[in-house]
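Text of the file coords.txt, holding compact mmCIF, C-alpha atoms:
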# COMPACT_ATOMS: atom_id res chain seq x y z
CA ASN A 20 -2.55 86.55 71.38
CA GLU A 21 0.61 84.71 70.39
CA TYR A 22 1.72 87.60 68.18
CA LYS A 23 0.97 90.16 70.91
CA SER A 24 3.12 88.13 73.28
CA TYR A 25 5.87 88.21 70.68
CA LEU A 26 5.63 92.00 70.37
CA ARG A 27 5.94 92.42 74.11
CA ALA A 28 8.85 90.00 74.21
CA MET A 29 10.69 92.04 71.55
CA SER A 30 10.18 95.23 73.53
CA LEU A 31 10.89 93.66 76.91
CA ASN A 32 13.85 91.56 75.85
CA TYR A 33 14.36 91.35 72.13
CA ALA A 34 17.87 90.21 73.03
CA ALA A 35 16.33 86.83 73.84
CA SER A 36 15.87 86.34 70.11
CA LEU A 37 19.57 86.87 69.45
CA SER A 38 22.04 84.05 69.19
CA LYS A 39 23.78 83.11 72.41
CA TYR A 40 26.74 85.40 73.02
CA ALA A 41 28.81 85.33 76.19
CA ASP A 42 30.49 88.74 76.14
CA LYS A 43 27.76 91.34 76.59
CA GLY A 44 30.03 93.92 78.11
CA VAL A 45 30.15 95.40 81.60
CA LEU A 46 26.74 95.16 83.22
CA GLY A 47 25.02 97.00 86.05
CA LEU A 48 27.40 99.93 86.50
CA ASN A 49 26.24 102.52 89.01
CA GLU A 50 24.30 105.49 87.71
CA ASN A 51 25.60 108.96 88.51
CA PHE A 52 23.68 112.22 88.72
CA ASP A 53 25.21 115.70 88.50
CA GLU A 54 24.17 118.24 91.11
CA ILE A 55 21.47 120.50 89.70
CA GLU A 56 23.60 123.69 89.55
CA LYS A 57 26.45 121.84 87.88
CA LEU A 58 23.96 120.25 85.47
CA LYS A 59 22.51 123.63 84.51
CA GLU A 60 25.98 125.01 83.83
CA LYS A 61 26.93 122.02 81.68
CA CYS A 62 23.70 122.28 79.68
CA LYS A 63 24.38 125.97 79.07
CA ILE A 64 27.82 125.08 77.70
CA LEU A 65 26.32 122.37 75.47
CA ALA A 66 23.75 124.83 74.13
CA GLU A 67 26.54 127.29 73.25
CA TRP A 68 28.52 124.58 71.45
CA LEU A 69 25.43 123.51 69.52
CA ARG A 70 24.95 127.11 68.36
CA GLU A 71 28.57 127.42 67.26
CA SER A 72 28.97 124.10 65.47
CA LYS A 73 28.65 123.67 61.73
CA ARG A 74 28.60 119.88 61.58
CA VAL A 75 26.96 118.02 64.46
CA VAL A 76 26.63 114.26 64.80
CA VAL A 77 24.40 112.70 67.47
CA LEU A 78 25.14 109.11 68.49
CA THR A 79 22.24 107.53 70.38
CA GLY A 80 21.71 104.35 72.38
CA ALA A 81 19.07 102.57 74.43
CA GLY A 82 19.15 105.21 77.17
CA ILE A 83 17.13 107.67 75.11
CA SER A 84 14.16 105.27 74.94
CA THR A 85 13.85 104.27 78.61
CA ALA A 86 11.46 107.18 79.22
CA SER A 87 9.11 105.62 76.65
CA GLY A 88 8.97 102.42 78.70
CA ILE A 89 11.54 100.36 76.80
CA PRO A 90 14.28 99.08 79.15
CA ASP A 91 17.97 99.53 78.37
CA PHE A 92 20.47 96.67 78.34
CA ARG A 93 23.35 97.33 80.76
CA GLY A 94 21.89 99.69 83.35
CA PRO A 95 21.19 98.59 86.93
CA ASN A 96 17.80 97.32 85.77
CA GLY A 97 18.82 96.62 82.18
CA VAL A 98 17.71 93.58 80.25
CA TRP A 99 21.11 91.90 80.20
CA THR A 100 21.95 92.99 83.76
CA LEU A 101 18.83 91.25 85.07
CA GLU A 102 19.29 88.31 82.71
CA ALA A 103 22.68 87.65 84.30
CA LYS A 104 20.87 87.42 87.65
CA GLY A 105 18.22 85.08 86.29
CA LYS A 106 15.60 87.84 86.30
CA ALA A 107 13.62 89.85 83.76
CA PRO A 108 12.38 93.46 83.71
CA SER A 109 9.08 93.80 85.52
CA SER A 110 7.35 95.85 82.85
CA SER A 111 7.67 97.28 79.37
CA VAL A 112 5.58 98.61 76.52
CA ASP A 113 5.05 97.11 73.07
CA PHE A 114 7.21 98.60 70.35
CA ILE A 115 3.97 99.66 68.64
CA GLU A 116 2.72 101.44 71.76
CA ALA A 117 6.03 103.16 72.55
CA LYS A 118 6.06 106.90 71.90
CA PRO A 119 9.06 109.11 71.07
CA THR A 120 10.56 110.90 74.06
CA THR A 121 11.55 114.51 74.61
CA THR A 122 15.04 113.53 73.49
CA HIS A 123 13.80 112.02 70.22
CA TYR A 124 11.80 115.15 69.39
CA ALA A 125 14.65 117.50 70.37
CA ILE A 126 17.10 115.64 68.15
CA LYS A 127 14.60 115.67 65.28
CA ASP A 128 14.12 119.43 65.68
CA LEU A 129 17.88 120.00 65.53
CA THR A 130 18.01 118.22 62.17
CA ARG A 131 14.94 119.96 60.75
CA ALA A 132 15.57 123.48 62.07
CA PRO A 133 19.36 124.06 62.38
CA LEU A 134 20.58 126.59 64.94
CA ALA A 135 23.03 128.26 62.56
CA GLU A 136 23.24 128.97 58.86
CA HIS A 137 24.57 125.99 56.91
CA GLN A 138 24.58 123.84 60.05
CA HIS A 139 24.21 120.12 59.36
CA VAL A 140 22.99 117.64 61.98
CA PHE A 141 23.16 113.88 61.46
CA VAL A 142 21.97 111.07 63.76
CA ILE A 143 23.56 107.65 64.26
CA SER A 144 21.36 105.20 66.14
CA GLN A 145 22.09 101.85 67.74
CA ASN A 146 18.40 101.33 68.57
CA VAL A 147 15.90 99.13 66.73
CA ASP A 148 12.70 100.59 68.23
CA ASN A 149 11.85 102.93 65.29
CA LEU A 150 11.30 105.91 67.61
CA HIS A 151 13.64 108.21 65.67
CA LEU A 152 11.55 107.80 62.53
CA ARG A 153 8.33 108.00 64.55
CA SER A 154 9.47 111.40 65.88
CA GLY A 155 9.57 112.77 62.33
CA LEU A 156 13.33 112.43 61.78
CA LEU A 157 14.00 111.94 58.09
CA LYS A 158 15.81 108.82 56.94
CA ASP A 159 18.28 110.99 55.02
CA ASN A 160 19.52 112.32 58.37
CA LEU A 161 19.68 108.94 60.09
CA ALA A 162 21.95 105.90 60.01
CA GLU A 163 20.55 102.90 61.89
CA LEU A 164 23.57 100.71 62.49
CA HIS A 165 21.80 97.79 64.16
CA GLY A 166 18.59 97.86 62.13
CA ASN A 167 14.97 98.74 62.76
CA ALA A 168 12.24 96.35 63.89
CA PHE A 169 9.77 98.02 61.54
CA LEU A 170 11.88 98.06 58.37
CA GLU A 171 12.41 95.60 55.53
CA ARG A 172 15.28 96.10 53.12
CA CYS A 173 15.84 94.97 49.55
CA GLY A 174 19.23 93.31 49.22
CA ALA A 175 19.32 94.09 45.50
CA CYS A 176 18.68 97.84 45.38
CA GLY A 177 18.78 99.02 49.02
CA ARG A 178 15.21 100.31 49.18
CA GLU A 179 13.73 100.21 52.68
CA TYR A 180 10.06 99.83 53.53
CA LEU A 181 8.28 100.70 56.77
CA ARG A 182 5.87 98.10 58.14
CA ALA A 183 2.79 98.44 60.35
CA THR A 184 4.14 95.91 62.85
CA PRO A 185 7.59 94.66 63.88
CA VAL A 186 9.16 91.92 61.82
CA THR A 187 8.95 88.41 63.26
CA THR A 188 12.58 87.53 62.49
CA ILE A 189 16.03 88.93 63.14
CA GLY A 190 19.36 88.32 61.46
CA LEU A 191 18.64 89.66 57.96
CA LYS A 192 16.22 86.84 57.13
CA LYS A 193 13.73 86.91 54.25
CA THR A 194 10.32 88.29 55.16
CA GLY A 195 8.46 86.84 52.17
CA ASN A 196 7.83 90.26 50.60
CA LEU A 197 9.24 91.53 47.30
CA CYS A 198 10.67 94.93 46.46
CA ARG A 199 8.19 97.17 44.64
CA GLY A 200 10.82 99.50 43.24
CA VAL A 201 11.41 100.15 39.54
CA LYS A 202 14.82 99.75 37.91
CA ASP A 203 16.34 102.24 35.48
CA THR A 204 15.24 99.88 32.71
CA GLY A 205 11.63 100.37 33.77
CA ARG A 206 11.28 96.83 35.07
CA ARG A 207 10.24 95.96 38.59
CA CYS A 208 13.10 95.19 40.98
CA ARG A 209 11.27 92.35 42.77
CA GLY A 210 14.28 91.76 45.02
CA LYS A 211 13.57 89.73 48.14
CA LEU A 212 13.08 91.82 51.26
CA VAL A 213 14.81 90.91 54.52
CA ASP A 214 14.53 92.21 58.07
CA THR A 215 17.17 94.76 59.07
CA ILE A 216 17.83 93.71 62.69
CA LEU A 217 21.36 92.44 63.16
CA ASP A 218 22.23 89.31 65.09
CA TRP A 219 25.57 89.23 66.91
CA GLU A 220 27.63 87.94 63.99
CA ASP A 221 25.90 89.91 61.22
CA SER A 222 27.82 92.61 59.36
CA LEU A 223 26.60 96.16 59.66
CA PRO A 224 24.89 97.63 56.58
CA TRP A 225 27.85 98.92 54.60
CA ASP A 226 26.19 102.10 53.33
CA GLU A 227 24.91 103.12 56.78
CA LEU A 228 28.32 102.40 58.33
CA GLU A 229 30.24 104.37 55.69
CA GLU A 230 27.92 107.34 56.16
CA ALA A 231 28.23 107.17 59.96
CA ASP A 232 32.03 107.04 59.77
CA TYR A 233 32.10 110.01 57.41
CA GLN A 234 29.76 112.11 59.54
CA CYS A 235 31.84 111.48 62.69
CA ALA A 236 35.13 112.11 60.91
CA THR A 237 33.94 115.49 59.58
CA ALA A 238 31.97 116.69 62.61
CA ASP A 239 33.12 119.52 64.85
CA LEU A 240 30.75 118.33 67.60
CA CYS A 241 29.83 114.74 68.48
CA LEU A 242 27.00 114.40 71.00
CA VAL A 243 26.85 110.93 72.60
CA VAL A 244 23.46 110.32 74.21
CA GLY A 245 22.23 107.36 76.21
CA THR A 246 24.88 104.81 75.31
CA SER A 247 27.75 103.20 77.24
CA LEU A 248 29.72 102.86 73.97
CA GLN A 249 30.50 99.20 74.63
CA ILE A 250 29.42 97.92 71.20
CA GLN A 251 31.78 98.35 68.26
CA PRO A 252 32.22 99.97 65.84
CA ALA A 253 29.83 102.62 67.22
CA GLY A 254 31.84 102.84 70.44
CA ASN A 255 34.89 104.11 68.57
CA MET A 256 33.12 106.64 66.36
CA PRO A 257 33.46 109.64 68.73
CA PHE A 258 37.24 109.26 68.49
CA LYS A 259 36.95 110.10 64.79
CA THR A 260 35.52 113.47 65.77
CA LYS A 261 38.33 114.03 68.26
CA ARG A 262 40.84 113.27 65.50
CA ASN A 263 39.13 115.99 63.46
CA ASP A 264 39.82 118.41 66.35
CA GLY A 265 36.12 118.38 67.18
CA LYS A 266 34.45 118.39 70.57
CA VAL A 267 32.79 115.35 72.14
CA VAL A 268 29.99 115.59 74.71
CA VAL A 269 28.77 112.49 76.57
CA VAL A 270 25.29 112.44 78.11
CA ASN A 271 24.88 109.21 80.04
CA LEU A 272 24.12 108.09 83.58
CA GLN A 273 26.90 105.51 83.62
CA LYS A 274 30.58 106.04 82.98
CA THR A 275 31.78 105.37 79.44
CA ARG A 276 35.16 104.65 77.83
CA MET A 277 34.96 108.12 76.25
CA ASP A 278 34.64 110.09 79.50
CA THR A 279 38.36 110.75 79.93
CA HIS A 280 38.63 111.96 76.32
CA ALA A 281 35.40 113.96 76.14
CA ASN A 282 35.27 117.75 76.34
CA LEU A 283 32.15 117.58 78.49
CA VAL A 284 30.47 114.74 80.42
CA ILE A 285 26.91 115.14 81.68
CA HIS A 286 25.45 112.65 84.13
CA ALA A 287 21.68 113.13 83.97
CA LYS A 288 18.62 111.69 82.30
CA CYS A 289 18.55 112.46 78.60
CA ASP A 290 15.15 114.17 78.66
CA THR A 291 16.22 116.43 81.53
CA VAL A 292 19.34 117.49 79.63
CA PHE A 293 17.48 118.33 76.44
CA GLU A 294 14.77 120.24 78.31
CA LEU A 295 17.47 122.43 79.85
CA VAL A 296 19.41 122.77 76.60
CA LEU A 297 16.30 123.73 74.63
CA GLY A 298 15.55 126.35 77.28
CA HIS A 299 18.92 127.98 76.65
CA LEU A 300 18.26 127.80 72.90
CA ASP A 301 14.78 129.34 73.24
CA ARG A 302 13.31 126.26 71.61
CA LYS A 303 10.22 124.24 72.47
CA ILE A 304 9.55 120.58 71.78
CA ASP A 305 7.54 120.04 68.61
CA ALA A 306 5.72 116.75 69.10
CA SER A 307 3.09 117.49 66.47
CA GLU A 308 4.77 115.60 63.63
CA VAL A 309 4.63 111.90 64.36
CA LEU A 310 5.21 109.40 61.58
CA GLN A 311 2.13 107.22 61.29
CA LEU A 312 2.74 103.54 60.73
CA PRO A 313 1.17 102.00 57.60
CA ASP A 314 -2.17 100.24 57.83
CA ASN A 315 -2.37 96.46 58.03
CA ASP A 316 0.07 94.78 55.64
CA GLU A 317 1.01 97.88 53.64
CA LEU A 318 4.66 98.78 53.08
CA PHE A 319 5.70 102.43 52.98
CA LEU A 320 8.91 103.38 51.15
CA VAL A 321 11.26 105.41 53.37
CA LYS A 322 14.54 104.97 51.50
CA ASP A 323 14.73 104.50 47.74
CA ALA A 324 18.29 103.17 47.24
CA PHE A 325 21.58 102.37 48.91
CA ARG A 326 23.26 105.50 50.22
CA PRO A 327 25.85 106.81 47.75
CA PRO A 328 29.42 106.46 49.03
CA PRO A 329 30.42 109.56 51.04
CA PRO A 330 33.37 111.68 49.90
CA LYS A 331 36.79 110.32 50.76
CA ILE A 332 38.51 112.01 53.67
CA GLN A 333 42.15 113.04 53.58
CA SER A 334 43.34 111.43 56.78
CA LYS A 335 45.49 113.53 59.07
CA PRO A 336 48.96 112.19 59.95
CA ARG A 337 49.31 110.82 63.45
CA VAL A 338 51.52 113.11 65.51
CA LYS A 339 53.86 111.88 68.18
CA ARG A 340 56.25 113.87 70.35
CA VAL A 341 59.66 112.34 70.92
CA LYS A 342 62.77 113.31 72.82
CA VAL A 343 66.29 112.69 71.50
CA HIS A 344 68.73 112.10 74.37
CA GLU A 345 72.45 112.85 74.34
CA ASP A 346 73.25 109.19 73.73
CA GLY A 347 71.04 109.21 70.64
CA ILE A 348 68.25 107.17 72.19
CA VAL A 349 64.79 108.34 71.15
CA SER A 350 61.96 108.12 73.68
CA LYS A 351 58.37 109.25 73.77
CA ALA A 352 57.97 112.53 75.62
CA ASP A 353 55.06 113.47 77.83
CA GLU A 354 52.54 115.79 76.25
CA PRO A 355 52.24 118.72 76.31
CA SER A 356 55.95 119.46 76.44
CA ASN A 357 57.90 122.73 76.22
CA ASP A 358 61.21 120.91 76.39
CA PRO A 359 63.44 122.38 73.61
CA ASP A 360 64.97 118.93 73.12
CA CYS A 361 61.59 117.57 72.05
CA LYS A 362 60.50 117.54 68.45
CA VAL A 363 57.35 116.50 66.59
CA GLU A 364 57.44 113.66 64.13
CA THR A 365 54.64 112.36 61.94
CA GLU A 366 53.88 108.72 61.24
This structure in structure tokens:
Amino acid sequence: NEYKSYLRAMSLNYAASLSKYADKGVLGLNENFDEIEKLKEKCKILAEWLRESKRVVVLTGAGISTASGIPDFRGPNGVWTLEAKGKAPSSSVDFIEAKPTTTHYAIKDLTRAPLAEHQHVFVISQNVDNLHLRSGLLKDNLAELHGNAFLERCGACGREYLRATPVTTIGLKKTGNLCRGVKDTGRRCRGKLVDTILDWEDSLPWDELEEADYQCATADLCLVVGTSLQIQPAGNMPFKTKRNDGKVVVVNLQKTRMDTHANLVIHAKCDTVFELVLGHLDRKIDASEVLQLPDNDELFLVKDAFRPPPPKIQSKPRVKRVKVHEDGIVSKADEPSNDPDCKVETE
């Protein structure tokens, strides 16, 4: 009974297990909903961009899991919003009982069955609920920046193991299990396994972060789904796609810091958006492949090493437009500018 209470507490407010941290961002922003005709038009545009793109990165947050019964953090009824009022969410489901949503399955299908030849789709998640893996999404196509309640990681070799139940610790603490991997020498690794859930001051897993940065910096389409982008460094990742001259689409009920920079902003529930988008793509949700959790105390290997470092990217020079006045003073010019006295300089 005590453990069941713990499971529910993790799902209902796993943030309560985190260290005290004052700055939890802007809480309780109003939710906005696009009119249905405008929503349909936006989803049609998104479907077209998904068809055309060669490299797609999907950045997900707590908003994609609310339909499964897991509350978000900063919404009107979010965990931290209510916490600030001295309240708690009225209901939730256990992490074990939670099922992947339409959005989880749609994202998985995009990675497993690309819309165009040579199209590559990669997912960056800020969630710890394991629902991306449960949907059938392969670990090779997923970077979990904040950890996973069902994973243990070997600090020596990077292998990750799926558990039957959520870990009972957070903050990269030892679980008591040993790595079962085999070294190149043929000997057992036997590195000590730790949980993967980050506390506030913990560093992000370097290999997952490097891969996420690379995928955003090389994408021609970044799809932001169910996140207010208030947590860094994930909140800045869509800007890497913009710097690559890629498009950014934001799907979120609340306003985000990316809205004024995005090519398209959709205010609607995530599942509604993907149902409409899949309709335009002549796709149906495939919920048949659900990753089964291991039995009892078994550990199932889902990642057999640290990710190899991604290729280095030749960074583009920052471009600024300046105007040289008659007196020789240089000032920044408004963009875009057709003023013949303006010139482009690189930094």
How many Å lie between CA of His286 (chain A) and CA of Leu272 (chain A), rounded to one decimal?
4.8 Å
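If you look at CA of Asn96 (chain A) and CA of Glu50 (chain A), they are 10.6 Å away from each other.
Nearest-residue note for Leu197 (chain A): choosing from A:Tyr233, A:Pro327, A:Leu318, A:Leu283, the minimum distance belongs to A:Leu318, counting only C-alpha atoms.
Of the listed residues (A:Ile143, A:Ser87, A:Lys118, A:Val45), A:Val45 comes nearest to Ala103 (chain A); the distances count all atoms listed in the file.
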Skip Glu60 (chain A) itself and residues of its chain fewer than 2 positions away, then list as a list of chain:residue names all residues within 12 Å of it, counting all atoms listed in the file.
A:Asp53, A:Glu54, A:Ile55, A:Glu56, A:Lys57, A:Leu58, A:Cys62, A:Lys63, A:Ile64, A:Leu65, A:Ala66, A:Glu67, A:Leu283, A:Val284, A:Ile285, A:Val292, A:Leu295, A:Val296, A:His299
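Counting all atoms listed in the file and comparing A:Cys241, A:Ala306, A:Ile83, A:Cys176, the residue that lies closest to Gly200 (chain A) is A:Cys176.
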Skip Leu156 (chain A) itself and residues of its chain fewer than 6 positions away, then list as a VMD selection string all residues within 9 Å of it, counting only C-alpha atoms.
chain A and resid 123 to 124 126 to 128 130 to 131 142 150 310
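The space between CA of Leu191 (chain A) and CA of Leu217 (chain A) spans 6.5 Å.
Shortest separation to Asn196 (chain A) among A:Glu163, A:Glu102, A:Glu317, A:Asp290 occurs at residue A:Glu317, atoms counted being only C-alpha atoms.
The residue that comes closest to Gly94 (chain A), out of A:Gln273, A:Ser154, A:Arg207, A:Leu78 and on the basis of only C-alpha atoms, is A:Gln273.
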